[in-house]
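*Asks:* Just so it is clear, I am handing over protein04.csv, which has CSV, C-alpha atoms.
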```
chain,number,residue,atom,x,y,z
E,264,MET,CA,19.8,9.4,-3.0
E,265,ASP,CA,20.8,8.8,-6.6
E,266,VAL,CA,17.5,9.0,-8.4
E,267,GLN,CA,19.0,8.7,-11.9
E,268,SER,CA,20.7,5.4,-11.0
E,269,SER,CA,17.4,4.2,-9.5
E,270,ILE,CA,15.6,5.0,-12.7
E,271,LYS,CA,18.3,3.3,-14.8
E,272,HIS,CA,18.1,0.1,-12.6
E,273,TYR,CA,14.3,0.2,-12.9
E,274,LEU,CA,14.4,0.4,-16.7
E,275,GLU,CA,17.0,-2.5,-16.8
E,276,ARG,CA,14.8,-4.5,-14.4
E,277,THR,CA,11.6,-4.1,-16.4
E,278,GLY,CA,12.9,-3.8,-19.9
E,279,PHE,CA,10.9,-0.7,-20.6
E,280,GLY,CA,12.3,1.8,-23.0
E,281,ARG,CA,11.0,4.8,-21.2
E,282,PHE,CA,9.9,6.0,-17.7
E,283,CYS,CA,7.4,8.9,-17.9
E,284,PRO,CA,5.4,8.9,-14.6
E,285,LYS,CA,2.2,10.9,-14.4
E,286,ALA,CA,0.4,9.2,-11.5
E,287,VAL,CA,1.3,8.3,-7.9
E,288,LEU,CA,-0.5,5.3,-6.3
E,289,PHE,CA,-0.5,5.2,-2.5
E,290,ASP,CA,-0.9,2.3,-0.1
E,291,MET,CA,-3.2,3.3,2.8
E,292,ASP,CA,-2.2,1.8,6.2
E,293,GLY,CA,1.3,2.8,7.2
E,294,VAL,CA,1.5,5.3,4.4
E,295,LEU,CA,-1.5,7.6,4.7
E,296,TYR,CA,-2.4,6.6,8.3
E,297,ASP,CA,-0.2,5.7,11.3
E,298,SER,CA,-2.5,2.7,11.9
E,299,MET,CA,-0.3,-0.4,11.7
E,300,PRO,CA,0.4,-0.6,15.5
E,301,ARG,CA,-3.3,-0.8,16.1
E,302,HIS,CA,-3.9,-3.3,13.3
E,303,ALA,CA,-1.2,-5.5,14.7
E,304,VAL,CA,-2.7,-5.7,18.2
E,305,CYS,CA,-6.2,-6.4,16.8
E,306,TRP,CA,-4.9,-9.1,14.5
E,307,VAL,CA,-3.2,-10.9,17.4
E,308,LYS,CA,-6.4,-10.8,19.5
E,309,ALA,CA,-8.8,-11.8,16.7
E,310,MET,CA,-6.6,-14.7,15.6
E,311,ARG,CA,-6.2,-16.0,19.1
E,312,LYS,CA,-10.0,-16.0,19.6
E,313,PHE,CA,-10.4,-18.3,16.7
E,314,GLY,CA,-7.5,-20.6,17.6
E,315,LEU,CA,-4.8,-19.2,15.4
E,316,ASP,CA,-1.4,-17.8,16.4
E,317,MET,CA,-0.1,-14.5,15.1
E,318,THR,CA,2.5,-12.2,16.4
E,319,GLU,CA,2.5,-8.4,16.0
E,320,GLN,CA,5.7,-8.8,13.9
E,321,GLN,CA,3.8,-11.1,11.5
E,322,ALA,CA,1.0,-8.5,11.2
E,323,TYR,CA,3.7,-6.2,9.7
E,324,GLU,CA,5.1,-9.0,7.5
E,325,TYR,CA,1.6,-9.9,6.1
E,326,GLU,CA,0.5,-6.3,5.8
E,327,GLY,CA,-1.1,-5.6,2.4
E,328,MET,CA,-2.7,-8.9,1.9
E,329,ARG,CA,-6.5,-9.1,1.8
E,330,GLY,CA,-7.6,-9.9,5.3
E,331,VAL,CA,-9.3,-13.1,4.5
E,332,GLU,CA,-6.2,-14.3,2.6
E,333,THR,CA,-4.1,-13.7,5.7
E,334,ILE,CA,-6.5,-15.8,7.7
E,335,GLN,CA,-6.6,-18.5,5.0
E,336,LEU,CA,-2.8,-18.6,5.0
E,337,LEU,CA,-2.4,-19.1,8.7
E,338,ALA,CA,-5.1,-21.7,8.8
E,339,ARG,CA,-3.3,-23.6,6.1
E,340,LEU,CA,0.1,-23.3,7.8
E,341,GLN,CA,-1.0,-24.0,11.4
E,342,LYS,CA,-4.0,-26.4,11.0
E,343,GLY,CA,-3.6,-27.8,7.5
E,344,LYS,CA,-7.1,-26.5,6.7
E,345,GLU,CA,-8.2,-24.8,3.5
E,346,LEU,CA,-10.8,-22.2,4.6
E,347,THR,CA,-13.2,-20.7,2.2
E,348,GLU,CA,-13.6,-16.9,2.2
E,349,GLU,CA,-16.9,-17.4,4.0
E,350,GLU,CA,-15.2,-19.4,6.7
E,351,ALA,CA,-12.5,-16.8,7.1
E,352,GLN,CA,-14.8,-13.8,7.2
E,353,PRO,CA,-15.8,-14.1,10.9
E,354,VAL,CA,-12.2,-13.8,11.9
E,355,TYR,CA,-11.8,-10.7,9.8
E,356,ASP,CA,-15.1,-9.3,11.2
E,357,GLU,CA,-13.7,-9.7,14.7
E,358,LYS,CA,-10.5,-8.0,13.8
E,359,SER,CA,-12.4,-5.1,12.3
E,360,ARG,CA,-14.6,-4.8,15.4
E,361,LEU,CA,-11.6,-4.6,17.7
E,362,PHE,CA,-9.9,-2.1,15.4
E,363,HIS,CA,-12.8,0.3,15.4
E,364,LEU,CA,-13.0,0.1,19.2
E,365,MET,CA,-9.6,1.7,19.3
E,366,GLY,CA,-10.8,4.9,17.7
E,367,GLU,CA,-9.4,6.6,14.6
E,368,ALA,CA,-5.7,6.3,13.8
E,369,PRO,CA,-4.0,9.6,13.1
E,370,LEU,CA,-2.9,10.8,9.6
E,371,MET,CA,0.7,9.9,8.8
E,372,PRO,CA,2.8,13.0,9.2
E,373,GLY,CA,3.7,14.3,5.8
E,374,ALA,CA,0.9,12.5,3.9
E,375,MET,CA,-1.4,15.4,3.4
E,376,GLU,CA,1.4,17.8,2.5
E,377,LEU,CA,2.6,15.3,-0.2
E,378,MET,CA,-0.9,15.0,-1.6
E,379,GLN,CA,-1.1,18.8,-1.9
E,380,ALA,CA,2.3,18.9,-3.6
E,381,LEU,CA,1.2,16.3,-6.1
E,382,LYS,CA,-2.0,18.1,-6.9
E,383,ALA,CA,-0.2,21.4,-7.4
E,384,GLY,CA,2.2,19.6,-9.7
E,385,GLY,CA,-0.6,18.1,-11.9
E,386,TRP,CA,0.0,14.5,-10.9
E,387,ARG,CA,-2.9,12.0,-10.9
E,388,ILE,CA,-3.4,10.4,-7.5
E,389,GLY,CA,-4.8,6.9,-6.6
E,390,ILE,CA,-5.0,4.8,-3.5
E,391,VAL,CA,-4.5,1.0,-3.5
E,392,THR,CA,-5.3,-0.8,-0.3
E,393,GLY,CA,-5.9,-4.4,0.7
E,394,SER,CA,-8.4,-3.3,3.3
E,395,GLY,CA,-12.0,-4.5,3.2
E,396,GLN,CA,-13.1,-2.5,6.2
E,397,ARG,CA,-15.8,-0.2,4.9
E,398,PRO,CA,-15.5,2.5,7.6
E,399,LEU,CA,-11.8,2.8,6.8
E,400,ILE,CA,-12.6,3.1,3.1
E,401,GLN,CA,-15.1,5.8,3.7
E,402,ARG,CA,-12.7,7.6,6.0
E,403,VAL,CA,-9.9,7.8,3.4
E,404,LEU,CA,-12.4,9.1,0.8
E,405,SER,CA,-13.4,11.8,3.3
E,406,ASP,CA,-10.0,12.8,4.5
E,407,PHE,CA,-8.5,12.9,1.1
E,408,GLN,CA,-11.6,13.9,-0.9
E,409,GLU,CA,-9.7,16.9,-2.4
E,410,PHE,CA,-7.3,14.4,-4.1
E,411,VAL,CA,-9.1,11.0,-4.6
E,412,ASP,CA,-12.6,9.8,-5.3
E,413,GLN,CA,-14.1,6.3,-5.4
E,414,GLN,CA,-13.1,5.9,-9.1
E,415,HIS,CA,-9.4,6.1,-8.2
E,416,LEU,CA,-9.5,3.9,-5.1
E,417,VAL,CA,-8.7,0.1,-5.2
E,418,THR,CA,-9.8,-2.0,-2.2
E,419,ALA,CA,-10.1,-5.7,-1.4
E,420,TYR,CA,-13.5,-5.7,-3.1
E,421,ASP,CA,-11.9,-4.8,-6.5
E,422,VAL,CA,-9.6,-7.8,-6.9
E,423,LYS,CA,-9.7,-11.6,-6.4
E,424,HIS,CA,-6.0,-11.8,-5.5
E,425,GLY,CA,-4.5,-9.2,-3.1
E,426,LYS,CA,-0.9,-8.2,-2.5
E,427,PRO,CA,1.7,-9.7,-3.1
E,428,ALA,CA,0.0,-10.5,-6.4
E,429,PRO,CA,0.3,-7.6,-8.8
E,430,ASP,CA,-3.5,-7.4,-9.3
E,431,PRO,CA,-4.2,-4.5,-7.0
E,432,TYR,CA,-1.7,-2.2,-8.6
E,433,LEU,CA,-2.6,-3.3,-12.1
E,434,MET,CA,-6.2,-2.3,-11.2
E,435,GLY,CA,-4.8,1.0,-9.8
E,436,LEU,CA,-3.2,1.7,-13.2
E,437,GLN,CA,-6.5,1.0,-14.9
E,438,LYS,CA,-8.4,3.3,-12.6
E,439,ALA,CA,-5.8,6.0,-13.1
E,440,GLY,CA,-6.6,6.2,-16.8
E,441,ASN,CA,-5.5,2.9,-18.3
E,442,LEU,CA,-1.8,3.8,-17.7
E,443,GLN,CA,1.2,1.6,-18.5
E,444,PRO,CA,3.4,0.6,-15.5
E,445,CYS,CA,6.1,3.0,-16.7
E,446,GLU,CA,3.6,5.8,-16.3
E,447,ALA,CA,3.2,5.5,-12.5
E,448,ILE,CA,4.9,5.5,-9.1
E,449,VAL,CA,3.9,3.5,-6.1
E,450,VAL,CA,4.4,4.6,-2.5
E,451,GLU,CA,4.4,1.6,-0.1
E,452,ASN,CA,5.5,0.7,3.4
E,453,ALA,CA,4.9,-3.1,3.4
E,454,PRO,CA,7.2,-5.8,2.0
E,455,LEU,CA,4.2,-7.6,0.3
E,456,GLY,CA,3.0,-4.3,-1.1
E,457,VAL,CA,6.5,-3.5,-2.5
E,458,GLU,CA,6.5,-7.0,-4.0
E,459,ALA,CA,3.1,-6.4,-5.6
E,460,ALA,CA,4.1,-3.1,-7.0
E,461,THR,CA,7.4,-4.3,-8.5
E,462,ALA,CA,5.6,-7.4,-9.9
E,463,ALA,CA,3.3,-5.0,-11.7
E,464,GLY,CA,6.3,-3.3,-13.2
E,465,ILE,CA,5.8,0.0,-11.4
E,466,PHE,CA,8.6,2.2,-10.0
E,467,THR,CA,8.3,1.8,-6.3
E,468,ILE,CA,9.2,4.1,-3.4
E,469,ALA,CA,9.2,2.5,0.0
E,470,VAL,CA,8.8,4.3,3.3
E,471,ASN,CA,10.0,2.4,6.4
E,472,SER,CA,7.2,3.4,8.8
E,473,GLY,CA,7.0,0.1,10.6
E,474,ASN,CA,9.2,-2.1,12.8
E,475,LEU,CA,10.7,-4.2,10.0
E,476,PRO,CA,14.3,-4.2,9.0
E,477,GLU,CA,15.2,-2.1,5.9
E,478,SER,CA,16.3,-5.2,4.2
E,479,SER,CA,12.6,-6.4,4.0
E,480,LEU,CA,12.0,-3.4,1.6
E,481,LYS,CA,15.1,-4.0,-0.6
E,482,LYS,CA,13.0,-4.7,-3.7
E,483,ALA,CA,11.9,-1.0,-3.8
E,484,ASP,CA,13.6,1.3,-6.2
E,485,ILE,CA,14.0,4.0,-3.6
E,486,LEU,CA,13.8,3.8,0.2
E,487,PHE,CA,12.9,6.7,2.7
E,488,ASP,CA,12.8,6.3,6.5
E,489,SER,CA,9.4,8.1,6.8
E,490,MET,CA,6.6,9.8,4.9
E,491,THR,CA,8.0,13.1,6.2
E,492,SER,CA,11.3,12.5,4.6
E,493,LEU,CA,9.7,11.6,1.3
E,494,THR,CA,7.6,14.8,1.4
E,495,GLU,CA,10.6,17.0,2.2
E,496,ALA,CA,12.5,15.4,-0.7
E,497,TRP,CA,9.6,15.5,-3.2
E,498,ASN,CA,10.4,18.8,-5.0
E,499,GLU,CA,13.9,17.6,-5.8
E,500,LEU,CA,12.7,14.1,-6.6
E,501,SER,CA,9.9,15.3,-8.9
E,502,THR,CA,12.3,17.7,-10.7
E,503,THR,CA,14.6,14.8,-11.5
E,504,LEU,CA,11.7,12.7,-12.8
E,505,GLN,CA,10.5,15.6,-15.0
E,506,TYR,CA,14.0,16.0,-16.4
E,507,ASN,CA,14.1,12.3,-17.1
E,508,GLN,CA,10.9,12.6,-19.1
E,509,GLU,CA,12.2,15.5,-21.1
E,510,LYS,CA,15.3,13.6,-22.1
```
Translate this file's structure into structure tokens.
*Replies:*
Amino acid sequence: MDVQSSIKHYLERTGFGRFCPKAVLFDMDGVLYDSMPRHAVCWVKAMRKFGLDMTEQQAYEYEGMRGVETIQLLARLQKGKELTEEEAQPVYDEKSRLFHLMGEAPLMPGAMELMQALKAGGWRIGIVTGSGQRPLIQRVLSDFQEFVDQQHLVTAYDVKHGKPAPDPYLMGLQKAGNLQPCEAIVVENAPLGVEAATAAGIFTIAVNSGNLPESSLKKADILFDSMTSLTEAWNELSTTLQYNQEK
């Protein structure tokens, strides 16, 4: 892992004259929770109930979008129908109902340890999710209450356009203290989330925690094969980032 080269390429890509990160913005599903296999199963069942086709693979591909936007997209592609958010909401409600019947997904290995390392290092921490499921939102605020509060959490209710639009991460920068893109790092696992973060101009670390090929995350600045690998490498990585700031 050549972090200095990654930083150089990031600065060339964005045109920024500096990179001085002080905040880390996390996606939720597939990063903080090992929840994507459950989400995928529930998406397939809910879509089928309402006459739409979706595979588990597509659930990973569309991960990060606001739920109603995913439903609107498939309705447009498969039926040529433009659904309003109100028309799409019952499908999302059914998906949410099925998901909560499955019980709580476990924390992603390494996630809590990385949060602890960030706090000890004085980093600001935020969470940026496309979820609109209120029980999940309350759970993440409870599980990570030592690190994040409501003021530093972006959900589907905070933006009109979800990932892959940059809006969620631009809102994350705002909630982190009106930061510039070069003052933050994103941790993502989803192709659309990586696309959103890079579109916002933020240095992006991808963790390949799903069943997608690594090539789907190629827009990220650095790629790890798991949250555990990122956590184990954090001390070295953060030291390089601090050295970069000092120069």
*Asks:* Report as JSON lines the residues of segment 410-436 of chain E within 12 Å of segment 448-463 of chain E, each with its shortest atom pair and distance in Å (one decimal), using all atoms listed in the file, ordered by chain and increasing residue number.
*Replies:*
```
{"residue": "E:His424", "atom": "CA", "partner": "E:Ala459", "partner_atom": "CA", "distance": 10.6}
{"residue": "E:Gly425", "atom": "CA", "partner": "E:Ala459", "partner_atom": "CA", "distance": 8.5}
{"residue": "E:Lys426", "atom": "CA", "partner": "E:Ala459", "partner_atom": "CA", "distance": 5.4}
{"residue": "E:Pro427", "atom": "CA", "partner": "E:Ala459", "partner_atom": "CA", "distance": 4.4}
{"residue": "E:Ala428", "atom": "CA", "partner": "E:Ala459", "partner_atom": "CA", "distance": 5.2}
{"residue": "E:Pro429", "atom": "CA", "partner": "E:Ala459", "partner_atom": "CA", "distance": 4.4}
{"residue": "E:Asp430", "atom": "CA", "partner": "E:Ala463", "partner_atom": "CA", "distance": 7.6}
{"residue": "E:Pro431", "atom": "CA", "partner": "E:Ala459", "partner_atom": "CA", "distance": 7.7}
{"residue": "E:Tyr432", "atom": "CA", "partner": "E:Ala460", "partner_atom": "CA", "distance": 6.1}
{"residue": "E:Leu433", "atom": "CA", "partner": "E:Ala463", "partner_atom": "CA", "distance": 6.2}
{"residue": "E:Met434", "atom": "CA", "partner": "E:Ala463", "partner_atom": "CA", "distance": 9.9}
{"residue": "E:Gly435", "atom": "CA", "partner": "E:Val449", "partner_atom": "CA", "distance": 9.8}
{"residue": "E:Leu436", "atom": "CA", "partner": "E:Ala463", "partner_atom": "CA", "distance": 9.5}
```
*Asks:* Might you pull out every residue within 8 Å of segment 292-301 of chain E, with only C-alpha atoms counted and same-chain residues fewer than 2 positions away left off, and present them as a short mmCIF file (atom, residue, chain, number, x, y, z; two decimals) with C-alpha atoms, in the frame of the given file?
*Replies:*
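Just written: around_24.cif:
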```cif
data_model
loop_
_atom_site.label_atom_id
_atom_site.label_comp_id
_atom_site.auth_asym_id
_atom_site.auth_seq_id
_atom_site.Cartn_x
_atom_site.Cartn_y
_atom_site.Cartn_z
CA PHE E 289 -0.50 5.20 -2.50
CA ASP E 290 -0.90 2.30 -0.10
CA ALA E 303 -1.20 -5.50 14.70
CA VAL E 304 -2.70 -5.70 18.20
CA CYS E 305 -6.20 -6.40 16.80
CA TYR E 323 3.70 -6.20 9.70
CA PHE E 362 -9.90 -2.10 15.40
CA MET E 365 -9.60 1.70 19.30
CA ALA E 368 -5.70 6.30 13.80
CA PRO E 369 -4.00 9.60 13.10
CA LEU E 370 -2.90 10.80 9.60
CA MET E 371 0.70 9.90 8.80
CA ALA E 374 0.90 12.50 3.90
CA MET E 375 -1.40 15.40 3.40
CA THR E 392 -5.30 -0.80 -0.30
CA VAL E 450 4.40 4.60 -2.50
CA GLU E 451 4.40 1.60 -0.10
CA ASN E 452 5.50 0.70 3.40
CA ALA E 453 4.90 -3.10 3.40
CA VAL E 470 8.80 4.30 3.30
CA SER E 472 7.20 3.40 8.80
CA GLY E 473 7.00 0.10 10.60
CA MET E 490 6.60 9.80 4.90
#
```
*Asks:* Can you work out which one of E:Met310, E:Leu381, E:Met317, E:Leu493 has the shortest atom-to-atom distance to Gln352 of chain E, counting all atoms listed in the file?
*Replies:*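 Comparing E:Met310, E:Leu381, E:Met317, E:Leu493 against Gln352 of chain E, the winner is E:Met310.
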*Asks:* Write out as a compact mmCIF listing (two decimals) with C-alpha atoms, keeping the file's coordinate frame the residues lying within 12 Å of Leu274 of chain E, counting all atoms listed in the file and excluding same-chain residues fewer than 2 positions away.
*Replies:*
```
# COMPACT_ATOMS: atom_id res chain seq x y z
CA GLN E 267 19.00 8.70 -11.90
CA SER E 268 20.70 5.40 -11.00
CA SER E 269 17.40 4.20 -9.50
CA ILE E 270 15.60 5.00 -12.70
CA LYS E 271 18.30 3.30 -14.80
CA HIS E 272 18.10 0.10 -12.60
CA ARG E 276 14.80 -4.50 -14.40
CA THR E 277 11.60 -4.10 -16.40
CA GLY E 278 12.90 -3.80 -19.90
CA PHE E 279 10.90 -0.70 -20.60
CA GLY E 280 12.30 1.80 -23.00
CA ARG E 281 11.00 4.80 -21.20
CA PHE E 282 9.90 6.00 -17.70
CA CYS E 283 7.40 8.90 -17.90
CA PRO E 444 3.40 0.60 -15.50
CA CYS E 445 6.10 3.00 -16.70
CA THR E 461 7.40 -4.30 -8.50
CA GLY E 464 6.30 -3.30 -13.20
CA ILE E 465 5.80 0.00 -11.40
CA PHE E 466 8.60 2.20 -10.00
CA ASP E 484 13.60 1.30 -6.20
CA ASN E 507 14.10 12.30 -17.10
```
*Asks:* Using all atoms listed in the file, which of the listed residues (E:Lys481, E:Val417, E:Leu340, E:Val266) sits closest to Ala496 of chain E?
*Replies:* E:Val266
*Asks:* Have a look at atom CA of Val391 of chain E and atom CA of Met291 of chain E and let me know their distance in Å, one decimal.
*Replies:*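 It comes out at 6.8 Å.
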*Asks:* Atom CA of Pro284 of chain E to atom CA of Val411 of chain E: how many Å, to one decimal?
*Replies:*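 Between atom CA of Pro284 of chain E and atom CA of Val411 of chain E the gap works out to 17.7 Å.
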*Asks:* For Gly330 of chain E, which residue out of E:Ala380, E:Ala419, E:Val287, E:Leu504 is the nearest one, using all atoms listed in the file?
*Replies:*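 Once distances to Gly330 of chain E are computed over all atoms listed in the file, the minimum belongs to E:Ala419.
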*Asks:* Choose the residue, out of E:Asp488, E:Tyr420, E:Asp412, E:Ala338, that has the smallest atom-to-atom separation from Lys438 of chain E; count only C-alpha atoms.
*Replies:*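 Closest candidate: E:Asp412.
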*Asks:* Between atom CA of Arg397 of chain E and atom CA of Trp306 of chain E, what is the distance in Å, rounded to a tenth?
*Replies:* 17.0 Å
*Asks:* Pick from E:Lys423, E:Phe487, E:Gln321, E:Val354: nearest to Leu500 of chain E, with only C-alpha atoms counted?
*Replies:*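 Once distances to Leu500 of chain E are computed over only C-alpha atoms, the minimum belongs to E:Phe487.
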*Asks:* So, counting all atoms listed in the file, which residue among E:Ala286, E:Gln341, E:Leu364, E:Phe407 is closest to Glu376 of chain E?
*Replies:* E:Phe407
*Asks:* Could you list, as number ranges by chain, every residue within 9 Å of Leu346 of chain E, counting all atoms listed in the file and ignoring same-chain residues fewer than 6 positions away?
*Replies:* E: 334-336, 338-339
*Asks:* How about completing segment 364-374 of chain E with all heavy atoms and giving it to me as a short mmCIF file (atom, residue, chain, number, x, y, z; two decimals), in the coordinates of the input?
*Replies:*
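Result went into part10.cif, see below:
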```
data_model
loop_
_atom_site.label_atom_id
_atom_site.label_comp_id
_atom_site.auth_asym_id
_atom_site.auth_seq_id
_atom_site.Cartn_x
_atom_site.Cartn_y
_atom_site.Cartn_z
N LEU E 364 -12.91 -0.26 17.82
CA LEU E 364 -13.00 0.10 19.20
C LEU E 364 -11.87 0.96 19.70
O LEU E 364 -11.97 1.64 20.72
CB LEU E 364 -13.09 -1.19 20.09
CG LEU E 364 -14.38 -2.02 20.01
CD1 LEU E 364 -14.24 -3.29 20.84
CD2 LEU E 364 -15.58 -1.20 20.49
N MET E 365 -10.78 0.95 18.94
CA MET E 365 -9.60 1.70 19.30
C MET E 365 -9.64 3.16 18.90
O MET E 365 -8.75 3.94 19.23
CB MET E 365 -8.34 1.02 18.74
CG MET E 365 -8.12 -0.40 19.22
SD MET E 365 -6.57 -1.12 18.62
CE MET E 365 -5.38 -0.32 19.69
N GLY E 366 -10.66 3.54 18.16
CA GLY E 366 -10.80 4.90 17.70
C GLY E 366 -9.96 5.12 16.41
O GLY E 366 -9.30 4.21 15.91
N GLU E 367 -10.04 6.33 15.87
CA GLU E 367 -9.40 6.60 14.60
C GLU E 367 -7.88 6.78 14.74
O GLU E 367 -7.41 7.48 15.63
CB GLU E 367 -9.98 7.87 13.96
CG GLU E 367 -11.42 7.71 13.49
CD GLU E 367 -11.87 8.92 12.68
OE1 GLU E 367 -11.24 10.00 12.78
OE2 GLU E 367 -12.86 8.77 11.94
N ALA E 368 -7.17 6.14 13.84
CA ALA E 368 -5.70 6.30 13.80
C ALA E 368 -5.40 7.69 13.20
O ALA E 368 -6.14 8.19 12.35
CB ALA E 368 -5.08 5.22 12.94
N PRO E 369 -4.31 8.31 13.63
CA PRO E 369 -4.00 9.60 13.10
C PRO E 369 -3.44 9.56 11.68
O PRO E 369 -2.94 8.53 11.23
CB PRO E 369 -2.88 10.13 14.05
CG PRO E 369 -2.24 8.86 14.56
CD PRO E 369 -3.36 7.86 14.66
N LEU E 370 -3.57 10.66 10.96
CA LEU E 370 -2.90 10.80 9.60
C LEU E 370 -1.43 10.62 9.80
O LEU E 370 -0.84 11.05 10.80
CB LEU E 370 -3.24 12.12 9.01
CG LEU E 370 -4.68 12.37 8.53
CD1 LEU E 370 -4.83 13.84 8.14
CD2 LEU E 370 -5.01 11.47 7.36
N MET E 371 -0.80 10.01 8.81
CA MET E 371 0.70 9.90 8.80
C MET E 371 1.27 11.26 8.59
O MET E 371 0.89 11.94 7.62
CB MET E 371 1.13 8.91 7.77
CG MET E 371 2.62 8.62 7.81
SD MET E 371 3.14 7.73 9.32
CE MET E 371 2.56 6.07 8.93
N PRO E 372 2.18 11.71 9.44
CA PRO E 372 2.80 13.00 9.20
C PRO E 372 3.44 13.07 7.82
O PRO E 372 4.15 12.15 7.40
CB PRO E 372 3.90 13.04 10.31
CG PRO E 372 3.36 12.18 11.39
CD PRO E 372 2.63 11.07 10.69
N GLY E 373 3.15 14.14 7.12
CA GLY E 373 3.70 14.30 5.80
C GLY E 373 2.78 13.90 4.66
O GLY E 373 2.95 14.33 3.51
N ALA E 374 1.78 13.04 4.96
CA ALA E 374 0.90 12.50 3.90
C ALA E 374 0.09 13.56 3.22
O ALA E 374 0.03 13.63 1.99
CB ALA E 374 0.05 11.38 4.47
#
```
